[in-house]
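Peer 1: I have a structure I would like to understand better, so I am pasting it below and will then ask my questions one at a time.
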Amino acid sequence: MRCDLRTCRPSFSCGLTILAKTIDQKLRGRVIAAHGRNYAVRTDADLYLSCFTRGKKSEVACGDLVEIDQIANDQGVITSIVDRNNLLYRSDAYRKKVWAANLSLMMIVVATEPSFSEDLLGRALVAAEALELPAAIVLNKVDLTTSLELARTRLSLYKNLGYAVHEISVHAAPEQALETLLPPMQDGTTLLLGQSGMGKSSLLNLLIPDALAATREISEVLHSGKHTTTDSRLYDLRVQDGQSIGSVIDTPGFQEFGLAHLTPGEIERAFPEFKTRLGHCRFYNCLHLGEPDCAIRIGVEDGSIEKRRYDLFVSLTRESSSAVIP
Ligand SMILES: Nc1nc2c(ncn2[C@@H]2O[C@H](COP(=O)(O)OP(=O)(O)O)[C@@H](O)[C@H]2O)c(=O)[nH]1
Ligand SMILES: [Mg+2]
Ligand SMILES: [Zn+2]
């Protein structure tokens with residue numbers, strides 16, 4: 001019996017079956033969870049909880065669009081990564097790791113209490129600038145009024161640099177928090193960052209009411225039963241008329257936000273307040289670390305560049321130049 005690709009069924013032992021299968025099962029989806037070299041990929045129709053790459057080195061990130069070959073019910077091999085708009089890395093002195101892909105906004109959650117780390121905040125902003133990714137700061141727990149003014153004062157620097165600072169209280173004013181945060185997140189993919197204690201999990205649960213349950217389900221497969229929270233996870237923000245109106249990537253490990261993979265040029269360009277001064281140093285290849293007649297250091301001395309921002313620049317430049325990332 002002759003058959004063609006449309007009528008051929010896997011139960012018929014026909015030579016075309018295998019071909020039909022490959023054509024049928026080249027699926028396109030989005031990576032919604034990443035744990036080590038295990039990924040969960042969601043296609044329009046299905047969720048493939050157990051996907052992996054064949055290569056030795058895996059460069060797939062949460063948020064990536066990928067093509068997969070189905071190999072079993074919920075298992076797939078990732079065969080290719082569809083072009084990315086952007087890819088965020090983090091690194092230590094020895095290697096860089098992919099972190100999240102296809103982002104449209106970085107949202108950094110800080111709080112009135114406990115005190116937040118300005119070093120981490122600054123690093124996140126530099127990472128965003130290096131990708132030309134818009135960044136916004138969320139100040140949570142504004143109900144804790146005794147520490148509110150201090151937090152506002154610390155954040156005024158970033159407001160002056162042009163970053164949006166959204167004040168919210170997940171506990172005291174959840175509806176208002178949604179009204180404030182959903183519009184900028186709409187239609188894109190927002191990376192949610194925050195050091196622990198800032199209320200990131202509380203905010204995520206407000207944005208995605210079943211986030212914790214969904215995480216548990218996927219974690220069980222990715223970690224074969226172990227409950228850990230080391231994954232990056234992508235969630236649909238809201239579904240309207242069957243269409244998602246945006247997504248959020250939640251990612252742990254913010255405590256060690258290494259940017260040693262950035263080059264000195266990328267670092268200096270990631271400071272918006274340096275922009276008008278770059279190119280005005282005495283030496284064309286000035287590193288702004290102590291050279292005479294350095295426009296950046298003159299800016300620090302006359303107060304137009306904040307000392308804490310310059311200090312961050314120096315730390316990042318030193319880390320970058322002592323790193324041995326291949
Ligand atoms: N007062 C106050 N506490 C909050 C608010 N949001 C979160 N918290 C509390 O802050 C602590 C840390 O919250 P959590 O969501 O676990 O923070 P995460 O470590 O960033 O994920 C918890 O005790 C929360 O109940 C808020 O808007 N106001
Ligand atoms: Mg948490
Ligand atoms: Zn200089």
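Chain labels run A, B, ... following the order of the structure tokens; each chain numbers its residues from 1, and ligands are numbered from 1 in the order shown.
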Please give me, as JSON, numbers by chain, the residues lying within 12 Å of ligand 2 when counting only C-alpha atoms and all ligand atoms.
Peer 2: {"A": [109, 192, 193, 194, 195, 196, 197, 198, 199, 200, 201, 202, 203, 204, 205, 211, 212, 228, 229, 230, 250, 251, 252, 253, 254]}
Peer 1: Ligand 3: which residues are within 8 Å, counting only C-alpha atoms and all ligand atoms? Reply as JSON, numbers by chain.
Peer 2: {"A": [278, 280, 281, 282, 283, 285, 286, 287, 288, 289, 290, 291, 292, 293, 294, 295, 296, 297]}
Peer 1: Any idea what's packed within 10 Å of A:Leu237, counting only C-alpha atoms, ignoring anything in its chain fewer than 6 positions away? Could you give it as a VMD selection string?
Peer 2: chain A and resid 182 185 to 190 204 207 to 209 211 244 to 249
Peer 1: Could the residues in this selection be saved with C-alpha atoms as a PDB file, in the first residue's frame?
Peer 2:
```pdb
ATOM      1  CA  LEU A 182       1.119  45.574  35.256  1.00  0.00           C
ATOM      2  CA  MET A 185       5.083  44.640  32.171  1.00  0.00           C
ATOM      3  CA  GLN A 186       2.385  44.263  29.568  1.00  0.00           C
ATOM      4  CA  ASP A 187       3.129  42.350  26.368  1.00  0.00           C
ATOM      5  CA  GLY A 188       6.752  41.675  27.228  1.00  0.00           C
ATOM      6  CA  THR A 189       8.934  39.476  29.373  1.00  0.00           C
ATOM      7  CA  THR A 190       9.966  40.986  32.684  1.00  0.00           C
ATOM      8  CA  LEU A 204       5.244  37.130  42.373  1.00  0.00           C
ATOM      9  CA  LEU A 207       1.164  38.893  39.998  1.00  0.00           C
ATOM     10  CA  ILE A 208       0.656  35.161  39.392  1.00  0.00           C
ATOM     11  CA  PRO A 209      -1.689  33.746  42.004  1.00  0.00           C
ATOM     12  CA  ALA A 211       2.933  30.657  40.939  1.00  0.00           C
ATOM     13  CA  SER A 244      -1.166  35.938  27.391  1.00  0.00           C
ATOM     14  CA  ILE A 245      -0.466  39.604  27.964  1.00  0.00           C
ATOM     15  CA  GLY A 246       3.045  39.196  29.168  1.00  0.00           C
ATOM     16  CA  SER A 247       5.349  37.004  31.183  1.00  0.00           C
ATOM     17  CA  VAL A 248       7.595  37.177  34.198  1.00  0.00           C
ATOM     18  CA  ILE A 249      10.862  35.354  34.796  1.00  0.00           C
TER      19      ILE A 249
END
```
Peer 1: Got a sec: who's within 7 Å of stretch 123-128 of chain A, counting only C-alpha atoms, leaving out chain neighbours fewer than 3 positions off, as JSON, numbers by chain?
Peer 2: {"A": [106, 119, 120, 131, 132, 133, 134, 135, 257, 270, 271]}
Peer 1: Grab the residues selected above and save them as a compact mmCIF listing (two decimals), in the first residue's frame with C-alpha atoms.
Peer 2:
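So again_11.txt came out as:
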```txt
# COMPACT_ATOMS: atom_id res chain seq x y z
CA MET A 106 14.26 44.23 34.24
CA ASP A 119 25.91 47.17 45.17
CA LEU A 120 23.43 44.56 43.87
CA LEU A 131 21.92 44.85 27.05
CA GLU A 132 20.09 48.12 26.35
CA LEU A 133 17.31 46.60 28.40
CA PRO A 134 14.93 49.03 30.16
CA ALA A 135 15.14 48.74 33.94
CA PHE A 257 25.68 38.99 40.50
CA ALA A 270 26.58 51.17 31.15
CA PHE A 271 26.78 54.24 33.40
```
Peer 1: When you look at stretch 91-100 of chain A with a cut-off of 6 Å (counting only C-alpha atoms), what residues show up, excluding the ones that are within fewer than 6 positions of it in the same chain? I need them as a list in words.
Peer 2: Ala61, Cys62, Gly63, Gly258, Leu259, Ala260, Ala323, Val324 and Ile325 of chain A
Peer 1: Which parts of stretch 28-221 of chain A does DSSP call strand (DSSP E or B) when run on the backbone here, written out as a short mmCIF file (atom, residue, chain, number, x, y, z; two decimals) with N, CA and C atoms, in the first residue's frame?
Peer 2:
```
data_model
loop_
_atom_site.label_atom_id
_atom_site.label_comp_id
_atom_site.auth_asym_id
_atom_site.auth_seq_id
_atom_site.Cartn_x
_atom_site.Cartn_y
_atom_site.Cartn_z
N ARG A 28 7.98 24.07 18.11
CA ARG A 28 8.58 25.30 18.58
C ARG A 28 7.94 25.69 19.91
N GLY A 29 8.74 26.06 20.87
CA GLY A 29 8.18 26.42 22.17
C GLY A 29 9.10 27.36 22.92
N ARG A 30 8.70 27.69 24.13
CA ARG A 30 9.50 28.61 24.95
C ARG A 30 9.97 27.88 26.21
N VAL A 31 11.22 28.11 26.55
CA VAL A 31 11.76 27.50 27.76
C VAL A 31 11.18 28.22 28.97
N ILE A 32 10.41 27.49 29.78
CA ILE A 32 9.76 28.14 30.92
C ILE A 32 10.39 27.74 32.25
N ALA A 33 11.31 26.80 32.23
CA ALA A 33 12.04 26.47 33.46
C ALA A 33 13.39 25.92 33.06
N ALA A 34 14.40 26.30 33.82
CA ALA A 34 15.74 25.81 33.55
C ALA A 34 16.37 25.39 34.85
N HIS A 35 16.86 24.18 34.87
CA HIS A 35 17.58 23.72 36.05
C HIS A 35 18.76 22.90 35.57
N ASN A 38 18.55 20.62 32.48
CA ASN A 38 17.17 20.18 32.25
C ASN A 38 16.27 21.39 32.03
N TYR A 39 15.40 21.24 31.07
CA TYR A 39 14.53 22.37 30.74
C TYR A 39 13.09 21.91 30.60
N ALA A 40 12.16 22.80 30.92
CA ALA A 40 10.76 22.57 30.58
C ALA A 40 10.43 23.52 29.44
N VAL A 41 9.80 22.99 28.40
CA VAL A 41 9.49 23.78 27.22
C VAL A 41 7.99 23.74 26.99
N ARG A 42 7.41 24.91 26.79
CA ARG A 42 5.98 24.96 26.52
C ARG A 42 5.73 25.34 25.07
N THR A 43 4.96 24.50 24.38
CA THR A 43 4.55 24.83 23.02
C THR A 43 3.12 25.36 23.10
N LEU A 47 3.05 20.92 27.24
CA LEU A 47 4.19 21.22 28.10
C LEU A 47 5.12 20.02 28.08
N TYR A 48 6.38 20.27 27.70
CA TYR A 48 7.38 19.20 27.69
C TYR A 48 8.28 19.42 28.89
N LEU A 49 8.03 18.62 29.92
CA LEU A 49 8.67 18.88 31.21
C LEU A 49 10.13 18.47 31.23
N SER A 50 10.48 17.59 30.33
CA SER A 50 11.82 17.03 30.43
C SER A 50 12.54 17.17 29.09
N CYS A 51 13.19 18.30 28.90
CA CYS A 51 13.93 18.54 27.65
C CYS A 51 15.41 18.73 27.95
N PHE A 52 16.22 18.39 26.97
CA PHE A 52 17.66 18.54 27.15
C PHE A 52 18.29 18.80 25.80
N THR A 53 19.57 19.21 25.82
CA THR A 53 20.29 19.42 24.57
C THR A 53 21.25 18.25 24.38
N CYS A 62 16.30 30.28 30.31
CA CYS A 62 14.88 30.48 30.53
C CYS A 62 14.44 31.68 29.68
N LEU A 65 13.34 30.88 22.93
CA LEU A 65 12.45 30.17 22.00
C LEU A 65 13.28 29.07 21.37
N VAL A 66 12.78 27.85 21.40
CA VAL A 66 13.57 26.72 20.91
C VAL A 66 12.73 25.81 20.02
N GLU A 67 13.45 25.02 19.24
CA GLU A 67 12.80 23.94 18.51
C GLU A 67 13.15 22.63 19.18
N ILE A 68 12.16 21.78 19.32
CA ILE A 68 12.43 20.49 19.95
C ILE A 68 11.93 19.34 19.09
N ASP A 69 12.59 18.21 19.25
CA ASP A 69 12.09 16.95 18.71
C ASP A 69 11.50 16.18 19.88
N GLN A 70 10.26 15.79 19.71
CA GLN A 70 9.65 15.01 20.78
C GLN A 70 10.23 13.61 20.77
N ILE A 71 10.63 13.11 21.93
CA ILE A 71 11.15 11.74 21.96
C ILE A 71 10.29 10.82 22.81
N ALA A 72 9.49 11.39 23.67
CA ALA A 72 8.52 10.60 24.43
C ALA A 72 7.42 11.56 24.82
N GLN A 75 8.86 14.43 26.81
CA GLN A 75 10.30 14.59 26.69
C GLN A 75 10.68 15.09 25.32
N GLY A 76 11.69 15.93 25.28
CA GLY A 76 12.13 16.44 23.99
C GLY A 76 13.61 16.75 23.97
N VAL A 77 14.15 16.74 22.76
CA VAL A 77 15.54 17.17 22.58
C VAL A 77 15.49 18.57 21.97
N ILE A 78 16.17 19.49 22.58
CA ILE A 78 16.23 20.84 22.03
C ILE A 78 17.23 20.82 20.87
N THR A 79 16.74 21.09 19.66
CA THR A 79 17.62 20.99 18.50
C THR A 79 18.17 22.35 18.08
N SER A 80 17.46 23.41 18.38
CA SER A 80 18.00 24.72 18.05
C SER A 80 17.35 25.82 18.88
N ILE A 81 18.08 26.92 18.99
CA ILE A 81 17.57 28.10 19.67
C ILE A 81 17.20 29.11 18.59
N LEU A 87 20.25 38.28 25.61
CA LEU A 87 20.59 37.17 26.49
C LEU A 87 21.38 37.73 27.67
N LEU A 88 20.85 37.52 28.84
CA LEU A 88 21.52 38.02 30.05
C LEU A 88 22.42 36.93 30.61
N TYR A 89 23.64 37.32 30.94
CA TYR A 89 24.60 36.40 31.56
C TYR A 89 24.89 36.86 32.97
N ARG A 90 25.36 35.94 33.76
CA ARG A 90 26.07 36.35 34.97
C ARG A 90 27.32 35.51 35.04
N SER A 91 28.29 35.99 35.81
CA SER A 91 29.57 35.29 35.76
C SER A 91 30.29 35.39 37.09
N LYS A 96 31.14 32.30 32.54
CA LYS A 96 29.88 33.01 32.49
C LYS A 96 28.77 32.02 32.19
N LYS A 97 27.60 32.31 32.74
CA LYS A 97 26.47 31.40 32.58
C LYS A 97 25.28 32.16 32.01
N VAL A 98 24.58 31.52 31.10
CA VAL A 98 23.37 32.15 30.58
C VAL A 98 22.35 32.21 31.71
N TRP A 99 21.53 33.25 31.68
CA TRP A 99 20.65 33.46 32.81
C TRP A 99 19.18 33.57 32.36
N ALA A 100 18.93 34.45 31.41
CA ALA A 100 17.56 34.63 30.92
C ALA A 100 17.62 35.28 29.55
N ALA A 101 16.65 34.95 28.71
CA ALA A 101 16.69 35.43 27.33
C ALA A 101 15.38 36.10 26.93
N LEU A 105 12.10 43.91 29.96
CA LEU A 105 12.20 44.79 31.12
C LEU A 105 12.88 44.05 32.27
N MET A 106 13.72 44.77 33.00
CA MET A 106 14.26 44.23 34.24
C MET A 106 13.63 44.99 35.39
N MET A 107 13.05 44.27 36.32
CA MET A 107 12.43 44.91 37.48
C MET A 107 13.18 44.47 38.72
N ILE A 108 13.75 45.43 39.44
CA ILE A 108 14.55 45.11 40.61
C ILE A 108 13.75 45.48 41.85
N VAL A 109 13.48 44.48 42.68
CA VAL A 109 12.66 44.71 43.87
C VAL A 109 13.57 45.03 45.05
N VAL A 110 13.34 46.19 45.67
CA VAL A 110 14.02 46.53 46.91
C VAL A 110 12.93 46.84 47.93
N ALA A 111 13.31 47.06 49.19
CA ALA A 111 12.29 47.30 50.21
C ALA A 111 12.78 48.35 51.18
N ALA A 135 15.14 49.24 32.56
CA ALA A 135 15.14 48.74 33.94
C ALA A 135 14.28 49.64 34.81
N ALA A 136 13.60 49.04 35.77
CA ALA A 136 12.79 49.81 36.72
C ALA A 136 13.03 49.27 38.12
N ILE A 137 12.91 50.14 39.09
CA ILE A 137 13.10 49.75 40.49
C ILE A 137 11.74 49.74 41.17
N VAL A 138 11.49 48.67 41.94
CA VAL A 138 10.25 48.59 42.70
C VAL A 138 10.60 48.72 44.17
N LEU A 139 10.09 49.77 44.82
CA LEU A 139 10.30 49.91 46.25
C LEU A 139 9.08 49.33 46.96
N ASN A 140 9.25 48.16 47.57
CA ASN A 140 8.15 47.48 48.26
C ASN A 140 8.15 47.83 49.76
N ALA A 164 12.79 54.48 36.45
CA ALA A 164 11.50 54.57 37.12
C ALA A 164 11.62 53.91 38.50
N VAL A 165 11.05 54.56 39.51
CA VAL A 165 10.98 53.95 40.85
C VAL A 165 9.51 53.84 41.22
N HIS A 166 9.01 52.61 41.29
CA HIS A 166 7.61 52.38 41.62
C HIS A 166 7.48 52.05 43.10
N GLU A 167 6.68 52.82 43.82
CA GLU A 167 6.48 52.54 45.24
C GLU A 167 5.25 51.67 45.41
N THR A 189 8.42 40.43 28.39
CA THR A 189 8.93 39.48 29.37
C THR A 189 9.77 40.24 30.39
N THR A 190 9.31 40.23 31.63
CA THR A 190 9.97 40.99 32.68
C THR A 190 10.80 40.06 33.54
N LEU A 191 12.04 40.41 33.73
CA LEU A 191 12.89 39.66 34.66
C LEU A 191 12.76 40.30 36.03
N LEU A 192 12.33 39.50 37.00
CA LEU A 192 12.14 39.99 38.36
C LEU A 192 13.36 39.61 39.19
N LEU A 193 14.03 40.63 39.75
CA LEU A 193 15.22 40.37 40.56
C LEU A 193 15.02 40.99 41.93
N GLY A 194 15.63 40.39 42.92
CA GLY A 194 15.59 40.99 44.24
C GLY A 194 16.37 40.14 45.21
#
```
Peer 1: Counting only C-alpha atoms, figure out which residue out of A:Asp236, A:Arg277, A:Ala177, A:Asp231 gets nearest to A:Asp210.
Peer 2: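 Nearest to A:Asp210: A:Asp236.
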Peer 1: Rank A:Glu59, A:Asp311, A:Glu149, A:Glu319 by their smallest atom-to-atom distance to A:Glu113, using only C-alpha atoms, and report the top residue only.
Peer 2: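 For A:Glu113, the nearest of the given residues is A:Glu149.
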Peer 1: May I ask for the distance between atom CA of A:Ser315 and atom CA of A:Leu161, given in Å to one decimal place?
Peer 2: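 Spanning atom CA of A:Ser315 to atom CA of A:Leu161 is a straight-line distance of 19.9 Å.
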Peer 1: Kindly give the distance, in Å, that separates atom CA of A:Gly265 and atom CA of A:Tyr158, rounded to a single decimal.
Peer 2: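 Computing the Euclidean distance for atom CA of A:Gly265 and atom CA of A:Tyr158 yields 21.5 Å.
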Peer 1: When you draw a straight line from atom CA of A:Ala130 to atom CA of A:Arg154, how long is it in Å?
Peer 2: 22.9 Å
Peer 1: So that I can check the secondary structure, give me every residue of stretch 68-242 of chain A assigned alpha helix (DSSP H) by backbone DSSP, as a PyMOL selection string.
Peer 2: chain A and resi 118-130+148-160+174-185+200-207+211-222
Peer 1: Just to be explicit: take each residue in the selection above, keep C-alpha atoms, and write the result as a PDB file, in the first residue's frame.
Peer 2:
```
ATOM      1  CA  GLU A 118      23.085  49.214  46.588  1.00  0.00           C
ATOM      2  CA  ASP A 119      25.912  47.165  45.166  1.00  0.00           C
ATOM      3  CA  LEU A 120      23.432  44.564  43.869  1.00  0.00           C
ATOM      4  CA  LEU A 121      21.051  47.233  42.647  1.00  0.00           C
ATOM      5  CA  GLY A 122      23.881  48.964  40.795  1.00  0.00           C
ATOM      6  CA  ARG A 123      25.079  45.709  39.243  1.00  0.00           C
ATOM      7  CA  ALA A 124      21.591  44.866  38.028  1.00  0.00           C
ATOM      8  CA  LEU A 125      21.281  48.291  36.406  1.00  0.00           C
ATOM      9  CA  VAL A 126      24.667  47.917  34.717  1.00  0.00           C
ATOM     10  CA  ALA A 127      23.664  44.480  33.398  1.00  0.00           C
ATOM     11  CA  ALA A 128      20.469  45.970  32.001  1.00  0.00           C
ATOM     12  CA  GLU A 129      22.256  48.930  30.394  1.00  0.00           C
ATOM     13  CA  ALA A 130      24.809  46.627  28.799  1.00  0.00           C
ATOM     14  CA  LEU A 148      10.460  54.929  53.987  1.00  0.00           C
ATOM     15  CA  GLU A 149      12.228  58.287  53.851  1.00  0.00           C
ATOM     16  CA  LEU A 150      15.677  56.756  54.068  1.00  0.00           C
ATOM     17  CA  ALA A 151      14.858  54.340  51.241  1.00  0.00           C
ATOM     18  CA  ARG A 152      13.527  57.213  49.127  1.00  0.00           C
ATOM     19  CA  THR A 153      16.664  59.215  49.747  1.00  0.00           C
ATOM     20  CA  ARG A 154      18.892  56.312  48.721  1.00  0.00           C
ATOM     21  CA  LEU A 155      16.830  55.774  45.585  1.00  0.00           C
ATOM     22  CA  SER A 156      16.694  59.422  44.528  1.00  0.00           C
ATOM     23  CA  LEU A 157      20.066  59.007  42.806  1.00  0.00           C
ATOM     24  CA  TYR A 158      18.599  56.354  40.501  1.00  0.00           C
ATOM     25  CA  LYS A 159      15.489  58.391  39.858  1.00  0.00           C
ATOM     26  CA  ASN A 160      17.726  61.274  38.805  1.00  0.00           C
ATOM     27  CA  PRO A 174      -2.065  44.888  46.603  1.00  0.00           C
ATOM     28  CA  GLU A 175      -4.577  46.266  44.093  1.00  0.00           C
ATOM     29  CA  GLN A 176      -2.633  49.494  43.745  1.00  0.00           C
ATOM     30  CA  ALA A 177       0.573  47.490  43.307  1.00  0.00           C
ATOM     31  CA  LEU A 178      -0.983  45.631  40.375  1.00  0.00           C
ATOM     32  CA  GLU A 179      -2.241  48.863  38.844  1.00  0.00           C
ATOM     33  CA  THR A 180       1.257  50.309  39.069  1.00  0.00           C
ATOM     34  CA  LEU A 181       3.252  47.333  37.851  1.00  0.00           C
ATOM     35  CA  LEU A 182       1.119  45.574  35.256  1.00  0.00           C
ATOM     36  CA  PRO A 183       1.162  48.334  32.592  1.00  0.00           C
ATOM     37  CA  PRO A 184       4.958  48.458  32.205  1.00  0.00           C
ATOM     38  CA  MET A 185       5.083  44.640  32.171  1.00  0.00           C
ATOM     39  CA  LYS A 200       9.854  39.226  45.681  1.00  0.00           C
ATOM     40  CA  SER A 201       7.985  35.981  46.363  1.00  0.00           C
ATOM     41  CA  SER A 202       5.060  37.928  47.816  1.00  0.00           C
ATOM     42  CA  LEU A 203       5.000  40.109  44.708  1.00  0.00           C
ATOM     43  CA  LEU A 204       5.244  37.130  42.373  1.00  0.00           C
ATOM     44  CA  ASN A 205       2.277  35.529  44.097  1.00  0.00           C
ATOM     45  CA  LEU A 206       0.311  38.696  43.701  1.00  0.00           C
ATOM     46  CA  LEU A 207       1.164  38.893  39.998  1.00  0.00           C
ATOM     47  CA  ALA A 211       2.933  30.657  40.939  1.00  0.00           C
ATOM     48  CA  LEU A 212       3.992  28.511  43.878  1.00  0.00           C
ATOM     49  CA  ALA A 213       1.857  25.539  42.916  1.00  0.00           C
ATOM     50  CA  ALA A 214       3.084  25.691  39.321  1.00  0.00           C
ATOM     51  CA  THR A 215       6.678  25.828  40.508  1.00  0.00           C
ATOM     52  CA  ARG A 216       6.238  22.792  42.716  1.00  0.00           C
ATOM     53  CA  GLU A 217       4.829  20.749  39.875  1.00  0.00           C
ATOM     54  CA  ILE A 218       7.659  21.576  37.481  1.00  0.00           C
ATOM     55  CA  SER A 219      10.362  21.322  40.146  1.00  0.00           C
ATOM     56  CA  GLU A 220       9.305  17.802  40.950  1.00  0.00           C
ATOM     57  CA  VAL A 221      10.081  16.710  37.440  1.00  0.00           C
ATOM     58  CA  LEU A 222      13.203  18.775  36.921  1.00  0.00           C
TER      59      LEU A 222
END
```
Peer 1: Return the single residue from A:Asn73, A:Thr276, A:Ser169, A:Thr263 that is closest to ligand 1, with distances computed using only C-alpha atoms and all ligand atoms.
Peer 2: A:Ser169
